[in-house]
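Here the structure comes first, spelled out in structure tokens, and everything after it is commentary.
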2 protein chains.
Amino acid sequence: MTRITLSSPLDMHLHLREGAMLKLVAPLSAKMFAGAVIMPNLVLPVDNREKLEKYILEIKNAVGNEIFMPYMTLFFRGYSEMELAKVKYDIIGVKLYPAGITTNSENGMQSLKKSEKTLSILQEMEIPLLVHGESGGFVLDREKDFLSTYNKLARKFPRLKIIMEHITTREAVKFLDKHENLYATITLHHLLITLDDVAGGLLAPHLFCKPIAKRPEDRDALLEAALNAHPKVMFGSDSAPHPIHKKESSGCAAGIFSAPVSLPMLAELFAKHGALDNLQTFISDNARKIYKITPPAKTITLEKRTWRIPENYGYVVPFMAETSVSWGIVK
Amino acid sequence: MTRITLSSPLDMHLHLREGAMLKLVAPLSAKMFAGAVIMPNLVLPVDNREKLEKYILEIKNAVGNEIFMPYMTLFFRGYSEMELAKVKYDIIGVKLYPAGITTNSENGMQSLKKSEKTLSILQEMEIPLLVHGESGGFVLDREKDFLSTYNKLARKFPRLKIIMEHITTREAVKFLDKHENLYATITLHHLLITLDDVAGGLLAPHLFCKPIAKRPEDRDALLEAALNAHPKVMFGSDSAPHPIHKKESSGCAAGIFSAPVSLPMLAELFAKHGALDNLQTFISDNARKIYKITPPAKTITLEKRTWRIPENYGYVVPFMAETSVSWGIVK
């Protein structure tokens with residue numbers, strides 16, 4: 001197979017930022033995807049109807065005429081049923097960050113106990129909960145440590161759809177089977193890199209993200225789930241652009257900008273493993289079933305041909321800049 | 001105790017580089033230490049008498065009138081007895097790097113088998129072997145993986161003094177007890193930081209080194225050995241300067257520049273743990289016994305007073321730049 005046409009590919013975890021950065025990156029996602037789940041961790045988190053509407057407008061303006069559905073999320077805090085009722089049809093879910101765990105998450109959840117009222121409302125209203133599942137412990141243990149919290153959440157709210165966002169460990173993949181109401185997104189970069197790529201040779205700021213890439217056996221478990229189109233697993237790029245001066249600096253911000261390279265690199269990866277037939281399921285069909293959404297119709301065709309990833313998109317360096325991919329988008 | 005006078009402090013693992021960098025950093029070490037073991041991994045490794053003499057001269061010129069003994073090392077390769085006889089009294093040991101494991105180690109050891117002849121000569125001539133003990137595996141396992149090589153070396157050459165350089169793991173600390181002829185150096189930074197400091201928050205290029213900082217329990221084991229002045233353990237800064245543009249870049253070079261901050265920070269650390277009485281042993285006495293050396297007489301006095309680490313020394317950023325230390329050198 002040297003060509004594949006994807007029907008309405010979806011990026012189920014995307015950071016578009018705001019202002020000039022959003023204007024730069026939103027069109028790049030809109031060009032390739034039929035829709036994306038938009039993260040709410042702006043400097044001022046998107047956590048009410050007013051901010052939500054303003055953000056939707058900003059995205060639509062940046063995207064222009066491109067077919068692209070922004071599936072919006074609210075930043076988790078204590079919400080009343082009335083507040084959520086007002087936004088229910090404008091959001092796909094609520095995103096929960098433990099406080100301080102990644103970029104602009106300082107206002108995240110402090111304690112599960114205090115959050116139960118809102119979680120219960122989400123369950124009753126059938127609003128999915130998207131979770132950045134990391135503890136505050138040692139960097140390599142944070143996802144594993146958080147599994148006990150997922151366990152509590154999934155048991156206490158068995159009808160709440162819980163998405164374990166950007167999972168990175170073998171343990172998290174296995175944990176998916178433990179509760180019916182657990183699902184997961186997997187990024188492109190966690191299918192490809194390990195901590196060796198980040199810090200095994202030269203230190204690579206453009207490969208630095210949260211959760212950090214783990215061990216080879218973790219990557220292999222993620223790869224197995226993705227290539228086999230595990231029914232509880234969706235593609236979510238976690239594409240998270242930062243300006244170059246915040247990456248190549250004395251304190252490099254976490255985030256890999258992969259949106260414009262995701263489809264070609266996924267096609268290459270799935271083709272390499274003889275799993276191209278499963279790409280449609282991983283990139284769109286699973287998400288439609290899990291979230292019960294019907295994305296706008298849009299087809300993206302990729303073919304086997306060498307494509308060189310640019311050095312940068314404006315002031316942002318993409319994942320795997322200046323390397324060659326063996327699959328490209330058909331214009 | 002608010003003051004301590006150290007007798008001939010020694011840095012048993014130091015990178016002085018060459019050229020302009022050497023001129024910048026050598027005086028900083030010479031100001032604080034009575035001597036240091038100088039690593040041979042220049043762009044062209046120091047691996048014969050001619051290069052050695054040239055390098056000694058370069059160091060002496062940079063150091064000027066300061067009392068400072070450069071204990072020289074040769075880069076490990078196949079050496080004949082005659083070659084080594086010519087340099088025996090100019091070197092303190094031979095430094096072995098597995099090929100490609102760190103800065104300028106491309107010409108390092110390819111196989112232990114091929115190296116046995118030279119190792120046997122070193123043993124007979126009573127020339128210590130200093131080892132960068134990392135395998136080519138996953139970045140966090142490299143030191144642990146290499147312990148089996150240490151095991152083979154120590155058993156096959158029981159009269160060869162083997163220094164496990166810059167150890168970073170609990171397992172390596174324990175391994176010291178396994179063979180009489182094993183010793184180790186420990187850096188300042190591995191007593192203080194873990195991978196969390198390198199990659200747990202923002203990614204910190206100035207805390208990136210090889211071997212990379214490990215887990216909290218590893219740091220604690222190193223700390224216990226140092227604070228108790230474990231008789232087989234010596235201080236070796238592994239201070240390894242790189243110009244700032246090679247650190248804050250898309251591919252950051254491994255190395256922490258700690259030479260000018262080592263003594264104040266060690267005094268602070270040992271004082272904090274009520275172990276100041278053991279600092280003399282860790283910083284000098286153990287090394288004298290292990291290597292059977294008598295360093296030049298030089299006293300360095302430190303006292304409890306706030307000292308601010310500068311933002312940079314020329315074009316090099318020091319360890320813990322722009323933070324305050326509670327101990328300083330008495331001028």
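Letters for chains follow the order of the structure tokens (A, B, ...), residue numbers begin at 1 for each chain, and ligand numbers begin at 1 in the order shown.
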Can you superpose chain A onto chain B by least squares over all C-alpha atoms paired in order and give the moved copy as an mmCIF file with C-alpha atoms, in the first residue's frame?
data_model
loop_
_atom_site.group_PDB
_atom_site.id
_atom_site.type_symbol
_atom_site.label_atom_id
_atom_site.label_comp_id
_atom_site.auth_asym_id
_atom_site.auth_seq_id
_atom_site.Cartn_x
_atom_site.Cartn_y
_atom_site.Cartn_z
ATOM 1 C CA MET A 1 31.205 25.410 63.901
ATOM 2 C CA THR A 2 31.139 28.468 61.659
ATOM 3 C CA ARG A 3 34.575 28.163 60.129
ATOM 4 C CA ILE A 4 36.641 25.320 58.679
ATOM 5 C CA THR A 5 40.193 25.173 57.371
ATOM 6 C CA LEU A 6 40.836 22.490 54.805
ATOM 7 C CA SER A 7 44.308 21.163 54.292
ATOM 8 C CA SER A 8 45.179 20.685 50.620
ATOM 9 C CA PRO A 9 41.713 20.071 49.187
ATOM 10 C CA LEU A 10 41.802 17.914 46.065
ATOM 11 C CA ASP A 11 39.481 17.568 43.116
ATOM 12 C CA MET A 12 40.029 14.009 41.949
ATOM 13 C CA HIS A 13 38.149 14.377 38.652
ATOM 14 C CA LEU A 14 38.375 17.585 36.655
ATOM 15 C CA HIS A 15 37.964 18.672 33.052
ATOM 16 C CA LEU A 16 40.092 21.682 32.202
ATOM 17 C CA ARG A 17 39.549 21.510 28.405
ATOM 18 C CA GLU A 18 42.156 23.429 26.374
ATOM 19 C CA GLY A 19 42.846 26.789 24.726
ATOM 20 C CA ALA A 20 40.685 29.734 25.756
ATOM 21 C CA MET A 21 38.414 27.596 27.941
ATOM 22 C CA LEU A 22 41.370 26.238 29.894
ATOM 23 C CA LYS A 23 42.693 29.770 30.431
ATOM 24 C CA LEU A 24 39.295 30.710 31.813
ATOM 25 C CA VAL A 25 38.644 27.750 34.115
ATOM 26 C CA ALA A 26 42.046 26.457 35.278
ATOM 27 C CA PRO A 27 42.728 29.485 37.521
ATOM 28 C CA LEU A 28 39.332 29.013 39.182
ATOM 29 C CA SER A 29 40.248 25.471 40.258
ATOM 30 C CA ALA A 30 43.801 26.494 41.182
ATOM 31 C CA LYS A 31 42.465 29.180 43.492
ATOM 32 C CA MET A 32 40.582 26.677 45.627
ATOM 33 C CA PHE A 33 42.308 23.325 45.295
ATOM 34 C CA ALA A 34 45.846 22.116 46.006
ATOM 35 C CA GLY A 35 45.596 19.774 43.065
ATOM 36 C CA ALA A 36 43.259 17.993 40.717
ATOM 37 C CA VAL A 37 43.144 14.892 38.556
ATOM 38 C CA ILE A 38 42.981 16.200 35.002
ATOM 39 C CA MET A 39 40.886 14.311 32.478
ATOM 40 C CA PRO A 40 42.505 13.521 29.116
ATOM 41 C CA ASN A 41 39.453 13.678 26.813
ATOM 42 C CA LEU A 42 40.481 16.634 24.708
ATOM 43 C CA VAL A 43 39.344 16.806 21.091
ATOM 44 C CA LEU A 44 42.587 14.959 20.360
ATOM 45 C CA PRO A 45 42.858 12.707 23.438
ATOM 46 C CA VAL A 46 45.983 12.995 25.572
ATOM 47 C CA ASP A 47 47.474 9.602 24.792
ATOM 48 C CA ASN A 48 51.213 9.968 24.369
ATOM 49 C CA ARG A 49 54.174 11.620 26.029
ATOM 50 C CA GLU A 50 54.273 14.536 23.620
ATOM 51 C CA LYS A 51 50.620 15.488 24.086
ATOM 52 C CA LEU A 52 50.972 14.993 27.827
ATOM 53 C CA GLU A 53 53.925 17.365 28.132
ATOM 54 C CA LYS A 54 52.227 19.940 25.960
ATOM 55 C CA TYR A 55 49.089 19.717 28.100
ATOM 56 C CA ILE A 56 50.986 20.002 31.389
ATOM 57 C CA LEU A 57 52.693 23.125 30.073
ATOM 58 C CA GLU A 58 49.406 24.633 28.958
ATOM 59 C CA ILE A 59 47.908 24.054 32.409
ATOM 60 C CA LYS A 60 50.946 25.432 34.244
ATOM 61 C CA ASN A 61 50.915 28.548 32.102
ATOM 62 C CA ALA A 62 47.227 29.124 32.834
ATOM 63 C CA VAL A 63 47.634 28.552 36.559
ATOM 64 C CA GLY A 64 50.604 30.873 36.961
ATOM 65 C CA ASN A 65 51.941 31.250 40.496
ATOM 66 C CA GLU A 66 49.055 29.541 42.239
ATOM 67 C CA ILE A 67 49.972 26.397 44.205
ATOM 68 C CA PHE A 68 48.203 23.725 42.186
ATOM 69 C CA MET A 69 49.308 20.233 41.244
ATOM 70 C CA PRO A 70 47.789 18.854 38.057
ATOM 71 C CA TYR A 71 47.647 15.082 38.476
ATOM 72 C CA MET A 72 47.653 14.021 34.858
ATOM 73 C CA THR A 73 45.934 11.077 33.194
ATOM 74 C CA LEU A 74 46.398 9.405 29.839
ATOM 75 C CA PHE A 75 43.468 8.417 27.646
ATOM 76 C CA PHE A 76 43.186 4.628 27.628
ATOM 77 C CA ARG A 77 44.332 2.806 24.479
ATOM 78 C CA GLY A 78 46.676 -0.107 23.834
ATOM 79 C CA TYR A 79 49.942 0.967 25.503
ATOM 80 C CA SER A 80 53.273 -0.874 25.625
ATOM 81 C CA GLU A 81 55.257 -1.124 28.830
ATOM 82 C CA MET A 82 57.900 1.110 27.299
ATOM 83 C CA GLU A 83 55.426 3.839 26.439
ATOM 84 C CA LEU A 84 54.031 3.805 29.953
ATOM 85 C CA ALA A 85 57.497 3.695 31.533
ATOM 86 C CA LYS A 86 58.271 7.009 29.844
ATOM 87 C CA VAL A 87 55.283 8.745 31.445
ATOM 88 C CA LYS A 88 54.866 6.827 34.695
ATOM 89 C CA TYR A 89 56.096 9.656 36.913
ATOM 90 C CA ASP A 90 54.085 12.290 35.071
ATOM 91 C CA ILE A 91 50.697 10.621 35.418
ATOM 92 C CA ILE A 92 48.487 9.496 38.269
ATOM 93 C CA GLY A 93 46.524 7.025 36.191
ATOM 94 C CA VAL A 94 44.996 6.045 32.882
ATOM 95 C CA LYS A 95 41.408 6.981 32.114
ATOM 96 C CA LEU A 96 39.209 4.464 30.383
ATOM 97 C CA TYR A 97 36.085 5.492 28.483
ATOM 98 C CA PRO A 98 33.814 2.998 26.771
ATOM 99 C CA ALA A 99 33.677 4.291 23.178
ATOM 100 C CA GLY A 100 31.200 7.098 22.533
ATOM 101 C CA ILE A 101 29.792 7.370 26.059
ATOM 102 C CA THR A 102 30.467 11.076 26.751
ATOM 103 C CA THR A 103 32.170 14.231 25.423
ATOM 104 C CA ASN A 104 35.155 13.371 23.196
ATOM 105 C CA SER A 105 35.101 9.665 24.002
ATOM 106 C CA GLU A 106 34.659 8.451 20.422
ATOM 107 C CA ASN A 107 38.094 6.819 20.572
ATOM 108 C CA GLY A 108 37.352 4.967 23.802
ATOM 109 C CA MET A 109 37.552 1.263 24.586
ATOM 110 C CA GLN A 110 35.698 -0.992 22.141
ATOM 111 C CA SER A 111 36.149 -4.290 23.973
ATOM 112 C CA LEU A 112 37.488 -5.464 27.300
ATOM 113 C CA LYS A 113 39.105 -8.516 25.726
ATOM 114 C CA LYS A 114 41.283 -6.428 23.437
ATOM 115 C CA SER A 115 42.333 -4.261 26.375
ATOM 116 C CA GLU A 116 43.607 -7.001 28.643
ATOM 117 C CA LYS A 117 47.245 -6.734 27.655
ATOM 118 C CA THR A 118 47.380 -3.054 28.576
ATOM 119 C CA LEU A 119 45.356 -3.557 31.755
ATOM 120 C CA SER A 120 47.829 -6.198 32.805
ATOM 121 C CA ILE A 121 50.725 -3.798 32.206
ATOM 122 C CA LEU A 122 48.964 -1.125 34.271
ATOM 123 C CA GLN A 123 48.563 -3.603 37.110
ATOM 124 C CA GLU A 124 52.223 -4.606 37.008
ATOM 125 C CA MET A 125 53.380 -0.991 36.862
ATOM 126 C CA GLU A 126 50.976 0.018 39.666
ATOM 127 C CA ILE A 127 49.265 2.653 37.547
ATOM 128 C CA PRO A 128 45.633 3.169 38.641
ATOM 129 C CA LEU A 129 42.796 2.766 36.153
ATOM 130 C CA LEU A 130 40.155 5.494 36.218
ATOM 131 C CA VAL A 131 36.907 4.403 34.584
ATOM 132 C CA HIS A 132 33.862 6.152 33.156
ATOM 133 C CA GLY A 133 31.637 3.202 33.979
ATOM 134 C CA GLU A 134 28.645 3.337 31.697
ATOM 135 C CA SER A 135 27.301 0.816 29.179
ATOM 136 C CA GLY A 136 25.723 1.791 25.872
ATOM 137 C CA GLY A 137 22.204 0.897 27.061
ATOM 138 C CA PHE A 138 19.204 2.876 28.311
ATOM 139 C CA VAL A 139 20.391 6.105 29.910
ATOM 140 C CA LEU A 140 19.221 5.266 33.442
ATOM 141 C CA ASP A 141 20.616 1.724 33.364
ATOM 142 C CA ARG A 142 24.076 2.466 31.997
ATOM 143 C CA GLU A 143 25.916 2.586 35.312
ATOM 144 C CA LYS A 144 24.126 -0.448 36.734
ATOM 145 C CA ASP A 145 24.776 -2.364 33.506
ATOM 146 C CA PHE A 146 28.472 -1.533 33.746
ATOM 147 C CA LEU A 147 28.861 -3.062 37.219
ATOM 148 C CA SER A 148 29.375 -6.476 35.623
ATOM 149 C CA THR A 149 32.328 -5.010 33.716
ATOM 150 C CA TYR A 150 33.750 -3.583 36.941
ATOM 151 C CA ASN A 151 33.298 -7.035 38.417
ATOM 152 C CA LYS A 152 35.302 -8.660 35.638
ATOM 153 C CA LEU A 153 38.014 -5.985 35.787
ATOM 154 C CA ALA A 154 38.381 -6.157 39.555
ATOM 155 C CA ARG A 155 38.559 -9.959 39.587
ATOM 156 C CA LYS A 156 40.866 -10.355 36.645
ATOM 157 C CA PHE A 157 43.248 -7.627 37.876
ATOM 158 C CA PRO A 158 43.060 -7.839 41.666
ATOM 159 C CA ARG A 159 46.146 -5.663 42.181
ATOM 160 C CA LEU A 160 44.997 -2.971 39.761
ATOM 161 C CA LYS A 161 43.578 0.052 41.536
ATOM 162 C CA ILE A 162 40.264 0.777 39.821
ATOM 163 C CA ILE A 163 38.482 4.067 40.376
ATOM 164 C CA MET A 164 34.778 4.059 39.557
ATOM 165 C CA GLU A 165 34.521 7.657 38.479
ATOM 166 C CA HIS A 166 31.549 9.912 39.315
ATOM 167 C CA ILE A 167 29.268 7.159 40.618
ATOM 168 C CA THR A 168 25.566 8.011 40.658
ATOM 169 C CA THR A 169 23.641 5.002 41.916
ATOM 170 C CA ARG A 170 22.910 3.206 45.151
ATOM 171 C CA GLU A 171 24.048 0.000 43.441
ATOM 172 C CA ALA A 172 27.480 1.462 42.651
ATOM 173 C CA VAL A 173 27.954 2.582 46.254
ATOM 174 C CA LYS A 174 27.171 -0.931 47.462
ATOM 175 C CA PHE A 175 29.424 -2.441 44.798
ATOM 176 C CA LEU A 176 32.454 -0.681 46.281
ATOM 177 C CA ASP A 177 32.486 -3.254 49.073
ATOM 178 C CA LYS A 178 32.586 -6.148 46.649
ATOM 179 C CA HIS A 179 36.260 -5.883 45.725
ATOM 180 C CA GLU A 180 39.188 -4.546 47.676
ATOM 181 C CA ASN A 181 40.670 -2.828 44.615
ATOM 182 C CA LEU A 182 37.588 -0.702 43.820
ATOM 183 C CA TYR A 183 37.381 2.981 44.765
ATOM 184 C CA ALA A 184 35.125 5.800 43.652
ATOM 185 C CA THR A 185 34.789 9.511 43.118
ATOM 186 C CA ILE A 186 31.555 11.371 43.800
ATOM 187 C CA THR A 187 30.678 14.772 42.376
ATOM 188 C CA LEU A 188 29.062 17.664 44.207
ATOM 189 C CA HIS A 189 26.060 17.737 41.911
ATOM 190 C CA HIS A 190 25.197 14.073 42.370
ATOM 191 C CA LEU A 191 25.048 14.739 46.110
ATOM 192 C CA LEU A 192 22.454 17.427 45.498
ATOM 193 C CA ILE A 193 20.298 16.829 42.456
ATOM 194 C CA THR A 194 18.141 14.060 40.987
ATOM 195 C CA LEU A 195 16.548 13.618 37.588
ATOM 196 C CA ASP A 196 13.696 15.719 38.978
ATOM 197 C CA ASP A 197 15.974 18.746 38.990
ATOM 198 C CA VAL A 198 17.073 18.066 35.421
ATOM 199 C CA ALA A 199 13.710 17.225 33.881
ATOM 200 C CA GLY A 200 10.995 17.256 36.539
ATOM 201 C CA GLY A 201 10.025 20.901 36.140
ATOM 202 C CA LEU A 202 11.496 22.928 33.326
ATOM 203 C CA LEU A 203 14.286 21.094 31.506
ATOM 204 C CA ALA A 204 17.590 22.351 32.946
ATOM 205 C CA PRO A 205 20.547 22.171 30.555
ATOM 206 C CA HIS A 206 22.951 23.490 33.192
ATOM 207 C CA LEU A 207 22.111 20.462 35.355
ATOM 208 C CA PHE A 208 22.634 17.996 32.517
ATOM 209 C CA CYS A 209 25.676 15.734 32.753
ATOM 210 C CA LYS A 210 26.824 12.192 32.095
ATOM 211 C CA PRO A 211 26.141 10.046 33.995
ATOM 212 C CA ILE A 212 22.764 11.729 34.350
ATOM 213 C CA ALA A 213 21.425 12.375 37.877
ATOM 214 C CA LYS A 214 19.283 9.486 39.051
ATOM 215 C CA ARG A 215 16.567 8.809 41.637
ATOM 216 C CA PRO A 216 16.235 10.291 45.159
ATOM 217 C CA GLU A 217 17.268 6.964 46.741
ATOM 218 C CA ASP A 218 20.450 6.992 44.635
ATOM 219 C CA ARG A 219 21.321 10.504 45.733
ATOM 220 C CA ASP A 220 20.698 9.522 49.342
ATOM 221 C CA ALA A 221 23.115 6.588 49.091
ATOM 222 C CA LEU A 222 25.839 8.824 47.612
ATOM 223 C CA LEU A 223 25.192 11.390 50.307
ATOM 224 C CA GLU A 224 25.518 8.808 53.038
ATOM 225 C CA ALA A 225 28.864 7.616 51.653
ATOM 226 C CA ALA A 226 30.232 11.154 51.309
ATOM 227 C CA LEU A 227 29.002 12.538 54.626
ATOM 228 C CA ASN A 228 30.406 9.523 56.443
ATOM 229 C CA ALA A 229 33.671 9.882 54.532
ATOM 230 C CA HIS A 230 33.485 6.291 53.314
ATOM 231 C CA PRO A 231 37.199 5.372 53.088
ATOM 232 C CA LYS A 232 36.969 4.274 49.450
ATOM 233 C CA VAL A 233 35.307 7.468 48.301
ATOM 234 C CA MET A 234 36.940 10.720 47.157
ATOM 235 C CA PHE A 235 35.611 14.023 45.959
ATOM 236 C CA GLY A 236 35.851 14.497 42.197
ATOM 237 C CA SER A 237 33.884 17.438 40.849
ATOM 238 C CA ASP A 238 33.665 16.226 37.234
ATOM 239 C CA SER A 239 33.444 19.949 36.589
ATOM 240 C CA ALA A 240 33.031 20.013 32.815
ATOM 241 C CA PRO A 241 32.588 23.468 31.307
ATOM 242 C CA HIS A 242 30.902 24.121 27.977
ATOM 243 C CA PRO A 243 30.316 27.539 26.454
ATOM 244 C CA ILE A 244 26.765 28.742 27.068
ATOM 245 C CA HIS A 245 25.800 28.388 23.396
ATOM 246 C CA LYS A 246 26.502 24.651 23.617
ATOM 247 C CA LYS A 247 24.293 24.329 26.697
ATOM 248 C CA GLU A 248 21.278 26.480 25.880
ATOM 249 C CA SER A 249 20.829 24.983 22.438
ATOM 250 C CA SER A 250 18.810 22.442 20.458
ATOM 251 C CA GLY A 251 21.342 19.777 21.483
ATOM 252 C CA CYS A 252 22.821 20.526 24.875
ATOM 253 C CA ALA A 253 26.287 19.104 25.661
ATOM 254 C CA ALA A 254 26.683 17.029 28.846
ATOM 255 C CA GLY A 255 28.651 18.646 31.634
ATOM 256 C CA ILE A 256 28.157 20.726 34.772
ATOM 257 C CA PHE A 257 30.643 23.475 35.597
ATOM 258 C CA SER A 258 31.037 23.217 39.347
ATOM 259 C CA ALA A 259 34.731 23.846 40.070
ATOM 260 C CA PRO A 260 34.402 27.378 41.461
ATOM 261 C CA VAL A 261 31.393 26.542 43.630
ATOM 262 C CA SER A 262 32.421 23.111 44.909
ATOM 263 C CA LEU A 263 34.107 24.023 48.188
ATOM 264 C CA PRO A 264 31.500 26.508 49.442
ATOM 265 C CA MET A 265 28.654 24.178 48.469
ATOM 266 C CA LEU A 266 30.329 21.138 50.038
ATOM 267 C CA ALA A 267 30.914 23.086 53.246
ATOM 268 C CA GLU A 268 27.247 24.115 53.267
ATOM 269 C CA LEU A 269 26.087 20.554 52.593
ATOM 270 C CA PHE A 270 28.340 18.906 55.191
ATOM 271 C CA ALA A 271 27.463 21.601 57.744
ATOM 272 C CA LYS A 272 23.742 21.147 57.105
ATOM 273 C CA HIS A 273 24.099 17.451 57.913
ATOM 274 C CA GLY A 274 26.375 18.045 60.904
ATOM 275 C CA ALA A 275 29.240 16.318 59.102
ATOM 276 C CA LEU A 276 31.779 19.138 58.681
ATOM 277 C CA ASP A 277 34.291 17.051 60.627
ATOM 278 C CA ASN A 278 34.322 14.567 57.756
ATOM 279 C CA LEU A 279 34.886 17.074 54.965
ATOM 280 C CA GLN A 280 38.701 16.995 55.240
ATOM 281 C CA THR A 281 38.667 13.224 54.769
ATOM 282 C CA PHE A 282 36.305 13.363 51.787
ATOM 283 C CA ILE A 283 38.041 16.291 50.121
ATOM 284 C CA SER A 284 41.664 15.238 50.581
ATOM 285 C CA ASP A 285 42.717 12.548 53.062
ATOM 286 C CA ASN A 286 41.031 9.596 51.358
ATOM 287 C CA ALA A 287 42.568 10.558 48.029
ATOM 288 C CA ARG A 288 46.048 10.803 49.562
ATOM 289 C CA LYS A 289 45.728 7.282 50.968
ATOM 290 C CA ILE A 290 44.115 5.703 47.922
ATOM 291 C CA TYR A 291 46.543 7.194 45.405
ATOM 292 C CA LYS A 292 49.482 7.417 47.836
ATOM 293 C CA ILE A 293 50.110 11.040 46.989
ATOM 294 C CA THR A 294 51.342 13.974 49.021
ATOM 295 C CA PRO A 295 49.724 17.083 47.637
ATOM 296 C CA PRO A 296 51.390 20.493 47.913
ATOM 297 C CA ALA A 297 50.680 22.232 51.205
ATOM 298 C CA LYS A 298 47.827 24.709 50.861
ATOM 299 C CA THR A 299 45.075 25.702 53.251
ATOM 300 C CA ILE A 300 41.656 26.946 52.298
ATOM 301 C CA THR A 301 39.424 28.433 54.956
ATOM 302 C CA LEU A 302 35.674 28.660 54.609
ATOM 303 C CA GLU A 303 33.255 30.419 56.903
ATOM 304 C CA LYS A 304 29.532 30.622 57.371
ATOM 305 C CA ARG A 305 28.465 33.678 55.393
ATOM 306 C CA THR A 306 26.165 34.198 52.480
ATOM 307 C CA TRP A 307 27.806 34.035 49.098
ATOM 308 C CA ARG A 308 25.961 34.586 45.844
ATOM 309 C CA ILE A 309 27.042 32.370 42.938
ATOM 310 C CA PRO A 310 27.571 34.575 39.877
ATOM 311 C CA GLU A 311 25.390 34.350 36.760
ATOM 312 C CA ASN A 312 28.424 33.266 34.767
ATOM 313 C CA TYR A 313 32.193 33.042 34.627
ATOM 314 C CA GLY A 314 32.850 34.566 31.238
ATOM 315 C CA TYR A 315 30.892 32.497 28.732
ATOM 316 C CA VAL A 316 30.348 29.589 31.118
ATOM 317 C CA VAL A 317 27.374 29.228 33.465
ATOM 318 C CA PRO A 318 28.263 27.633 36.814
ATOM 319 C CA PHE A 319 26.300 25.033 38.748
ATOM 320 C CA MET A 320 23.513 26.734 40.704
ATOM 321 C CA ALA A 321 24.177 30.127 39.099
ATOM 322 C CA GLU A 322 22.513 33.061 40.819
ATOM 323 C CA THR A 323 21.611 31.161 43.956
ATOM 324 C CA SER A 324 22.935 31.814 47.450
ATOM 325 C CA VAL A 325 25.247 29.546 49.391
ATOM 326 C CA SER A 326 25.573 29.907 53.151
ATOM 327 C CA TRP A 327 29.317 29.222 53.202
ATOM 328 C CA GLY A 328 32.078 31.175 51.471
ATOM 329 C CA ILE A 329 35.851 31.169 51.034
ATOM 330 C CA VAL A 330 37.784 33.433 53.395
ATOM 331 C CA LYS A 331 39.961 35.621 51.180
#
Problem - In stretch 46-289 of chain B, DSSP helix (DSSP H, G or I) residues written as a ChimeraX atom specification - result: /B:49-63,81-90,112-125,142-156,170-178,189-192,195-199,205-207,216-227,244-247,259-272,276-289
Exercise for the section: Apply DSSP to the structure's backbone, then extract all residues of stretch 64-190 of chain A labelled strand (DSSP E) and return them as a list in words. Expected result: Met69, Pro70, Tyr71, Met72, Thr73, Leu74, Phe75, Ile91, Ile92, Gly93, Val94, Lys95, Leu96, Leu129, Leu130, Val131, Ile162, Ile163, Met164, Leu182, Tyr183, Ala184, Thr185 and Ile186 of chain A
Using C-alpha atoms, can you export the residues from the last selection as a PDB file, in the first residue's frame?
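Saved as again06.pdb:
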ATOM      1  CA  MET A  69     -14.251  21.363  14.438  1.00  0.00           C
ATOM      2  CA  PRO A  70     -12.757  22.582  17.701  1.00  0.00           C
ATOM      3  CA  TYR A  71     -14.037  20.246  20.409  1.00  0.00           C
ATOM      4  CA  MET A  72     -13.749  22.508  23.412  1.00  0.00           C
ATOM      5  CA  THR A  73     -12.906  21.660  27.012  1.00  0.00           C
ATOM      6  CA  LEU A  74     -13.304  23.562  30.250  1.00  0.00           C
ATOM      7  CA  PHE A  75     -10.561  23.709  32.863  1.00  0.00           C
ATOM      8  CA  ILE A  91     -17.846  21.393  25.177  1.00  0.00           C
ATOM      9  CA  ILE A  92     -16.743  17.806  24.731  1.00  0.00           C
ATOM     10  CA  GLY A  93     -15.432  17.437  28.255  1.00  0.00           C
ATOM     11  CA  VAL A  94     -13.767  18.954  31.283  1.00  0.00           C
ATOM     12  CA  LYS A  95     -10.004  18.758  31.658  1.00  0.00           C
ATOM     13  CA  LEU A  96      -8.557  18.012  35.052  1.00  0.00           C
ATOM     14  CA  LEU A 129     -13.511  13.926  32.258  1.00  0.00           C
ATOM     15  CA  LEU A 130     -10.137  14.352  30.568  1.00  0.00           C
ATOM     16  CA  VAL A 131      -7.243  13.896  32.981  1.00  0.00           C
ATOM     17  CA  ILE A 162     -12.569   9.143  32.049  1.00  0.00           C
ATOM     18  CA  ILE A 163      -9.874   9.785  29.473  1.00  0.00           C
ATOM     19  CA  MET A 164      -6.329   9.097  30.634  1.00  0.00           C
ATOM     20  CA  LEU A 182     -11.376   4.315  31.271  1.00  0.00           C
ATOM     21  CA  TYR A 183     -10.059   5.419  27.873  1.00  0.00           C
ATOM     22  CA  ALA A 184      -6.789   6.943  26.752  1.00  0.00           C
ATOM     23  CA  THR A 185      -5.070   9.166  24.246  1.00  0.00           C
ATOM     24  CA  ILE A 186      -1.573   8.449  22.966  1.00  0.00           C
TER      25      ILE A 186
END
